[in-house]
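S.K.: Quick one, data.cif (mmCIF, C-alpha atoms):
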```cif
data_final
#
loop_
_atom_site.label_atom_id
_atom_site.label_comp_id
_atom_site.auth_asym_id
_atom_site.auth_seq_id
_atom_site.Cartn_x
_atom_site.Cartn_y
_atom_site.Cartn_z
CA MET A 1 -49.57 -23.93 39.53
CA ILE A 2 -46.30 -25.89 39.48
CA ILE A 3 -45.34 -24.25 36.19
CA ASP A 4 -45.99 -20.79 37.66
CA ILE A 5 -43.79 -21.55 40.68
CA TYR A 6 -41.07 -22.85 38.37
CA GLN A 7 -41.21 -19.73 36.19
CA PHE A 8 -40.96 -17.49 39.24
CA ALA A 9 -38.44 -19.30 41.42
CA VAL A 10 -36.22 -21.39 39.14
CA ALA A 11 -36.37 -20.19 35.54
CA PRO A 12 -34.39 -16.93 36.02
CA PHE A 13 -31.41 -18.87 37.38
CA GLN A 14 -31.68 -21.56 34.71
CA GLU A 15 -31.96 -19.16 31.79
CA PHE A 16 -29.41 -16.48 32.69
CA ALA A 17 -25.75 -17.06 33.60
CA PHE A 18 -25.48 -13.68 35.33
CA MET A 19 -28.28 -14.70 37.73
CA ARG A 20 -26.48 -17.95 38.56
CA ARG A 21 -23.21 -16.12 39.21
CA ALA A 22 -25.03 -13.58 41.38
CA LEU A 23 -26.69 -16.35 43.41
CA VAL A 24 -23.47 -18.30 43.95
CA GLY A 25 -21.58 -15.15 44.92
CA THR A 26 -24.25 -14.01 47.36
CA ILE A 27 -24.52 -17.43 49.02
CA ALA A 28 -20.73 -17.69 49.28
CA LEU A 29 -20.63 -14.32 50.99
CA ALA A 30 -23.52 -15.30 53.27
CA MET A 31 -21.65 -18.40 54.45
CA SER A 32 -18.73 -16.38 55.84
CA ALA A 33 -20.12 -12.91 56.59
CA ALA A 34 -23.12 -13.97 58.70
CA PRO A 35 -21.08 -16.01 61.25
CA LEU A 36 -18.74 -13.05 61.66
CA GLY A 37 -21.83 -10.95 62.39
CA VAL A 38 -22.86 -13.38 65.13
CA LEU A 39 -19.47 -13.01 66.79
CA LEU A 40 -19.68 -9.23 66.48
CA THR A 41 -23.04 -9.21 68.26
CA LEU A 42 -21.67 -11.43 71.03
CA ARG A 43 -18.86 -8.91 71.54
CA ARG A 44 -21.37 -6.03 71.44
CA MET A 45 -19.59 -4.62 68.40
CA SER A 46 -22.54 -4.59 66.02
CA LEU A 47 -22.01 -0.97 65.00
CA PHE A 48 -18.31 -1.68 64.55
CA GLY A 49 -19.07 -3.59 61.37
CA ASP A 50 -21.22 -0.76 60.05
CA ALA A 51 -18.43 1.74 60.66
CA LEU A 52 -15.86 -0.46 58.93
CA SER A 53 -18.10 -0.95 55.90
CA HIS A 54 -18.00 2.81 55.35
CA ALA A 55 -14.33 3.17 56.24
CA VAL A 56 -13.13 0.98 53.35
CA LEU A 57 -14.51 3.42 50.77
CA PRO A 58 -11.35 5.58 50.36
CA GLY A 59 -9.31 2.46 49.58
CA VAL A 60 -11.92 1.27 47.09
CA ALA A 61 -11.92 4.75 45.54
CA ALA A 62 -8.12 4.77 45.29
CA GLY A 63 -8.16 1.41 43.54
CA PHE A 64 -10.83 2.71 41.17
CA LEU A 65 -8.88 5.89 40.35
CA LEU A 66 -5.66 4.00 39.66
CA PHE A 67 -6.98 0.91 37.86
CA GLY A 68 -10.59 1.64 36.91
CA LEU A 69 -13.32 -0.90 37.68
CA SER A 70 -10.80 -3.61 38.59
CA LEU A 71 -12.31 -5.75 41.33
CA THR A 72 -8.93 -6.97 42.56
CA ALA A 73 -7.47 -3.46 42.82
CA MET A 74 -10.53 -2.09 44.60
CA MET A 75 -10.62 -5.01 47.04
CA VAL A 76 -6.93 -4.62 47.90
CA GLY A 77 -7.39 -0.88 48.37
CA GLY A 78 -10.49 -1.36 50.51
CA PHE A 79 -8.80 -4.01 52.67
CA LEU A 80 -5.77 -1.79 53.31
CA ALA A 81 -8.02 1.18 54.12
CA GLY A 82 -10.03 -0.90 56.59
CA ILE A 83 -6.91 -2.15 58.36
CA ILE A 84 -5.49 1.38 58.54
CA VAL A 85 -8.72 2.67 60.08
CA VAL A 86 -8.74 -0.13 62.69
CA VAL A 87 -5.12 0.61 63.63
CA ILE A 88 -5.69 4.38 63.85
CA ALA A 89 -8.82 3.91 65.98
CA GLY A 90 -6.89 1.61 68.31
CA LEU A 91 -4.02 4.10 68.65
CA ILE A 92 -6.41 6.97 69.39
CA SER A 93 -8.17 4.97 72.10
CA ARG A 94 -4.82 3.95 73.62
CA TYR A 95 -3.21 7.39 73.76
CA THR A 96 -6.27 9.57 74.41
CA GLU A 97 -9.35 9.41 76.61
CA LEU A 98 -11.62 8.53 73.67
CA LYS A 99 -13.03 5.01 73.53
CA GLU A 100 -12.38 2.94 70.40
CA ASP A 101 -16.00 3.15 69.21
CA ALA A 102 -15.97 6.97 69.43
CA SER A 103 -12.68 7.29 67.54
CA LEU A 104 -13.89 4.80 64.92
CA ALA A 105 -17.11 6.76 64.41
CA ALA A 106 -15.15 9.95 63.79
CA ILE A 107 -12.71 8.28 61.39
CA TYR A 108 -15.32 6.43 59.34
CA LEU A 109 -17.31 9.63 58.72
CA VAL A 110 -14.21 11.34 57.38
CA ALA A 111 -13.29 8.23 55.36
CA LEU A 112 -16.76 7.98 53.83
CA ALA A 113 -16.76 11.64 52.80
CA LEU A 114 -13.24 11.35 51.39
CA GLY A 115 -14.15 8.26 49.36
CA VAL A 116 -17.21 9.94 47.84
CA MET A 117 -15.10 13.01 46.96
CA LEU A 118 -12.44 10.90 45.24
CA ILE A 119 -14.92 8.90 43.17
CA SER A 120 -16.97 11.97 42.25
CA ARG A 121 -13.89 13.85 41.08
CA ARG A 122 -12.76 11.25 38.54
CA GLY A 123 -15.74 8.93 38.07
CA THR A 124 -19.29 9.27 36.85
CA GLN A 125 -22.49 9.20 38.88
CA LEU A 126 -22.95 5.61 37.72
CA ASP A 127 -19.51 4.64 39.06
CA LEU A 128 -20.37 6.16 42.43
CA LEU A 129 -23.68 4.27 42.61
CA HIS A 130 -21.96 1.04 41.56
CA ILE A 131 -19.40 1.29 44.38
CA LEU A 132 -21.83 2.51 47.04
CA PHE A 133 -24.66 0.08 46.29
CA GLY A 134 -22.96 -2.72 44.37
CA SER A 135 -23.92 -4.57 41.21
CA VAL A 136 -24.43 -8.20 42.08
CA LEU A 137 -25.84 -8.94 38.62
CA GLY A 138 -22.59 -7.70 37.10
CA VAL A 139 -20.33 -10.19 38.92
CA ASP A 140 -18.09 -11.92 36.41
CA VAL A 141 -16.25 -15.22 36.78
CA GLY A 142 -13.13 -13.54 38.18
CA GLY A 143 -15.16 -11.64 40.75
CA LEU A 144 -17.04 -14.80 41.69
CA LEU A 145 -13.81 -16.72 42.26
CA LEU A 146 -12.48 -13.87 44.38
CA VAL A 147 -15.57 -13.78 46.59
CA ALA A 148 -15.58 -17.58 46.87
CA GLY A 149 -11.90 -17.51 47.82
CA VAL A 150 -12.52 -14.95 50.57
CA SER A 151 -15.44 -17.01 51.87
CA THR A 152 -13.41 -20.23 51.92
CA PHE A 153 -10.46 -18.58 53.64
CA SER A 154 -12.73 -16.95 56.24
CA LEU A 155 -14.50 -20.21 57.09
CA LEU A 156 -11.17 -22.04 57.47
CA ALA A 157 -9.81 -19.24 59.67
CA LEU A 158 -12.97 -19.29 61.82
CA ALA A 159 -12.66 -23.05 62.24
CA ILE A 160 -9.03 -22.75 63.34
CA LEU A 161 -9.66 -19.80 65.69
CA TYR A 162 -13.05 -20.99 66.96
CA ARG A 163 -11.99 -21.94 70.48
CA GLY A 164 -10.10 -18.71 71.02
CA LEU A 165 -12.89 -16.56 69.58
CA LEU A 166 -15.42 -18.39 71.74
CA LEU A 167 -13.34 -17.77 74.85
CA GLU A 168 -12.81 -14.12 73.98
CA SER A 169 -16.52 -13.59 73.35
CA PHE A 170 -17.69 -15.06 76.67
CA ASP A 171 -14.69 -14.46 78.95
CA PRO A 172 -12.55 -11.66 77.50
CA SER A 173 -10.84 -10.94 80.84
CA TYR A 174 -9.26 -14.41 80.88
CA LEU A 175 -7.94 -14.06 77.35
CA ALA A 176 -6.72 -10.53 78.09
CA ALA A 177 -4.65 -11.96 80.95
CA SER A 178 -2.87 -14.17 78.43
CA GLY A 179 -1.17 -11.11 76.96
CA SER A 180 -0.29 -10.83 73.31
CA ARG A 181 -2.34 -13.86 72.28
CA GLY A 182 -5.58 -12.00 72.94
CA ILE A 183 -4.47 -8.98 70.93
CA VAL A 184 -3.41 -11.13 67.97
CA LEU A 185 -6.71 -13.00 68.06
CA GLN A 186 -8.75 -9.82 68.13
CA GLN A 187 -6.79 -8.21 65.29
CA THR A 188 -7.09 -11.37 63.18
CA PHE A 189 -10.83 -11.40 63.74
CA LEU A 190 -11.14 -7.74 62.73
CA MET A 191 -9.12 -8.42 59.59
CA LEU A 192 -11.58 -11.17 58.66
CA VAL A 193 -14.45 -8.70 59.15
CA VAL A 194 -12.76 -6.14 56.90
CA LEU A 195 -11.98 -8.80 54.29
CA ASN A 196 -15.61 -9.91 54.09
CA LEU A 197 -16.91 -6.35 53.94
CA VAL A 198 -14.53 -5.63 51.09
CA ALA A 199 -15.60 -8.84 49.31
CA GLY A 200 -19.22 -7.81 49.74
CA PHE A 201 -18.88 -4.40 48.11
CA GLN A 202 -18.89 -5.90 44.60
CA THR A 203 -22.24 -7.56 45.18
CA LEU A 204 -23.90 -5.28 47.73
CA GLY A 205 -21.84 -2.08 47.70
CA THR A 206 -19.87 -0.50 50.53
CA LEU A 207 -23.05 0.87 52.13
CA MET A 208 -25.06 -2.38 51.95
CA ALA A 209 -22.42 -5.07 52.58
CA VAL A 210 -22.76 -4.91 56.34
CA GLY A 211 -26.49 -5.72 56.06
CA LEU A 212 -25.86 -9.33 55.04
CA MET A 213 -23.42 -9.61 57.92
CA MET A 214 -25.51 -8.15 60.76
CA LEU A 215 -29.23 -8.64 60.04
CA PRO A 216 -29.14 -12.47 59.83
CA ALA A 217 -26.83 -12.56 62.84
CA VAL A 218 -29.21 -10.53 65.01
CA SER A 219 -32.18 -12.59 63.80
CA ALA A 220 -30.41 -15.86 64.60
CA ARG A 221 -29.88 -14.77 68.22
CA LEU A 222 -33.65 -14.49 68.59
CA TRP A 223 -34.16 -18.09 67.43
CA HIS A 224 -31.29 -20.03 69.00
CA ASP A 225 -29.61 -20.28 72.41
CA THR A 226 -26.35 -22.02 71.49
CA LEU A 227 -23.56 -20.45 69.44
CA PRO A 228 -23.27 -23.26 66.83
CA ALA A 229 -27.02 -23.00 66.16
CA GLN A 230 -26.73 -19.22 65.83
CA LEU A 231 -23.86 -19.56 63.36
CA LEU A 232 -25.78 -22.03 61.18
CA GLY A 233 -29.05 -20.10 61.52
CA SER A 234 -27.41 -16.86 60.43
CA MET A 235 -25.94 -18.58 57.36
CA LEU A 236 -29.34 -19.98 56.41
CA GLN A 237 -31.12 -16.64 56.82
CA ALA A 238 -28.44 -14.80 54.85
CA ALA A 239 -28.63 -17.36 52.02
CA CYS A 240 -32.45 -17.13 51.95
CA ALA A 241 -32.28 -13.33 51.85
CA GLY A 242 -29.85 -13.53 48.93
CA TYR A 243 -32.02 -15.98 46.98
CA PHE A 244 -35.33 -14.19 47.45
CA GLY A 245 -33.72 -10.77 47.05
CA LEU A 246 -32.34 -11.74 43.64
CA LEU A 247 -35.70 -13.17 42.58
CA LEU A 248 -37.60 -10.05 43.60
CA SER A 249 -35.09 -7.72 41.99
CA TYR A 250 -35.42 -9.69 38.75
CA HIS A 251 -39.23 -9.78 38.71
CA ILE A 252 -40.00 -6.25 39.94
CA ASP A 253 -36.93 -4.57 38.41
CA THR A 254 -35.31 -3.10 41.52
CA PRO A 255 -31.61 -2.81 42.47
CA SER A 256 -30.49 -6.25 43.60
CA GLY A 257 -28.23 -5.26 46.50
CA PRO A 258 -30.80 -3.16 48.39
CA THR A 259 -33.51 -5.73 47.62
CA ILE A 260 -31.40 -8.47 49.24
CA ILE A 261 -30.99 -6.34 52.35
CA VAL A 262 -34.73 -5.59 52.44
CA CYS A 263 -35.40 -9.35 52.36
CA ALA A 264 -32.96 -9.78 55.25
CA GLY A 265 -34.90 -7.03 57.03
CA VAL A 266 -38.18 -8.87 56.46
CA LEU A 267 -36.70 -12.03 58.01
CA TYR A 268 -35.47 -9.93 60.93
CA SER A 269 -38.94 -8.42 61.40
CA ALA A 270 -40.51 -11.89 61.36
CA SER A 271 -37.97 -13.01 63.95
CA LEU A 272 -38.85 -10.08 66.18
CA LEU A 273 -42.46 -11.23 66.14
CA PHE A 274 -42.34 -15.03 66.07
CA ALA A 275 -38.95 -16.22 67.34
CA PRO A 276 -38.80 -17.82 70.83
CA ARG A 277 -37.16 -14.63 72.11
CA GLY A 278 -39.45 -12.40 70.05
CA TRP A 279 -42.43 -10.28 71.04
CA LEU A 280 -45.37 -12.70 70.59
CA PRO A 281 -43.88 -15.66 72.53
CA ARG A 282 -42.84 -13.31 75.33
CA LEU A 283 -46.34 -11.81 75.36
CA ARG A 284 -47.89 -15.28 75.61
CA ARG A 285 -45.57 -16.28 78.44
CA SER A 286 -46.32 -13.05 80.27
CA SER A 287 -50.08 -13.56 79.86
CA HIS A 288 -49.79 -17.16 81.04
CA LEU A 289 -47.90 -16.14 84.18
CA GLN A 290 -50.39 -13.39 84.96
CA GLY A 291 -53.28 -15.80 84.41
#
```
Output the file's structure as structure tokens, nothing else.

M.R.:
Amino acid sequence: MIIDIYQFAVAPFQEFAFMRRALVGTIALAMSAAPLGVLLTLRRMSLFGDALSHAVLPGVAAGFLLFGLSLTAMMVGGFLAGIIVVVIAGLISRYTELKEDASLAAIYLVALALGVMLISRRGTQLDLLHILFGSVLGVDVGGLLLVAGVSTFSLLALAILYRGLLLESFDPSYLAASGSRGIVLQQTFLMLVVLNLVAGFQTLGTLMAVGLMMLPAVSARLWHDTLPAQLLGSMLQAACAGYFGLLLSYHIDTPSGPTIIVCAGVLYSASLLFAPRGWLPRLRRSSHLQG
């Protein structure tokens, strides 16, 4: 029994270096992306992250066309594309009657289509699938260091900006009254979101990267009342999804990125049922009050 558990849960990571690199990269991304997802949900900007994950594709495609499958070039291109989309969406909402979410939705659809066109014109079908859905098992040492660097930088930035982000999340009107400080804080936060989405495309792809950011964050809100607990809970769920997703993809031979997101979805489904704010506890409380 113990040997069987070892062969299933530990042996793949002990025997294969690419599995160890994939695990470390996924956990590093989980440590920084999931807390950002919690803050996005507090700001009611959950779909904002999804839109940005698609909007970075033209920049990734441009990096691919110019430098091939260079992770650094594609990350720089994706980051610049994400920042440009955020700025354009903000300008549209400022100078027209469209809200920022509506303008962002329009821009990201165009950006996604443009990115697919660029990759399809010069790349193969395999290149397109690699960029859209990632290849976590193909992460090399350079890519791993890059993802770890983004994660470390994001966590340090969150620690420094924590008080301001907390204030903006719960009392945005007060921070807005402070003038330029609120704008700088919001733009810095959005840049961190873009940076983590771009870092996640190597492991999970541009279409899947947002899943590790948002699913654990939403699940954590069902389990915990305080923000620090939600931040830690989201990290733990994201790391668990990465670990079990890699194991399942190895044993049943499925794409690793989507399998990780499916595992995050399973944890989310369990949270919907069993968490203190989930369906079953609410049903029991309702039955108890009626009784």

S.K.: Hey, which of A:Met214, A:Leu227, A:Leu273, A:Ile260 ends up closest to Leu40 in chain A? Count only C-alpha atoms.

M.R.: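 That would be A:Met214, the residue with the smallest distance to Leu40 in chain A.
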
S.K.: For Ala33 in chain A, find every residue with an atom within 9 Å (counting all atoms listed in the file), except residues of its own chain fewer than 6 positions away, and show them as a PyMOL selection string.

M.R.: chain A and resi 151+154+192-193+196-197+200+210+212-214+235+238

S.K.: Could you work out how far CA of Met208 in chain A lies from CA of Ala62 in chain A, giving the answer in Å with one decimal?

M.R.: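 Computing the Euclidean distance for CA of Ala62 in chain A and CA of Met208 in chain A yields 19.6 Å.
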
S.K.: What residues have an atom no more than 8 Å from (-13.3, -0.6, 46.3) in the file's own frame, counting all atoms listed in the file, and can you write them as a list of chain:residue names?

M.R.: A:Val56, A:Leu57, A:Pro58, A:Gly59, A:Val60, A:Ala61, A:Ala62, A:Gly63, A:Phe64, A:Leu71, A:Ala73, A:Met74, A:Met75, A:Val76, A:Gly77, A:Gly78, A:Ile131, A:Val198, A:Phe201, A:Gln202, A:Thr206

S.K.: Would you list the contacts of Leu246 in chain A as a PDB file with C-alpha atoms, keeping the file's coordinate frame, taking every protein, DNA or RNA residue within 8 Å and counting all atoms listed in the file, but skipping same-chain residues closer than 6 positions in sequence?

M.R.:
```
ATOM      1  CA  MET A  19     -28.280 -14.700  37.730  1.00  0.00           C
ATOM      2  CA  ALA A  22     -25.030 -13.580  41.380  1.00  0.00           C
ATOM      3  CA  LEU A  23     -26.690 -16.350  43.410  1.00  0.00           C
ATOM      4  CA  SER A 256     -30.490  -6.250  43.600  1.00  0.00           C
ATOM      5  CA  THR A 259     -33.510  -5.730  47.620  1.00  0.00           C
ATOM      6  CA  ILE A 260     -31.400  -8.470  49.240  1.00  0.00           C
TER       7      ILE A 260
END
```
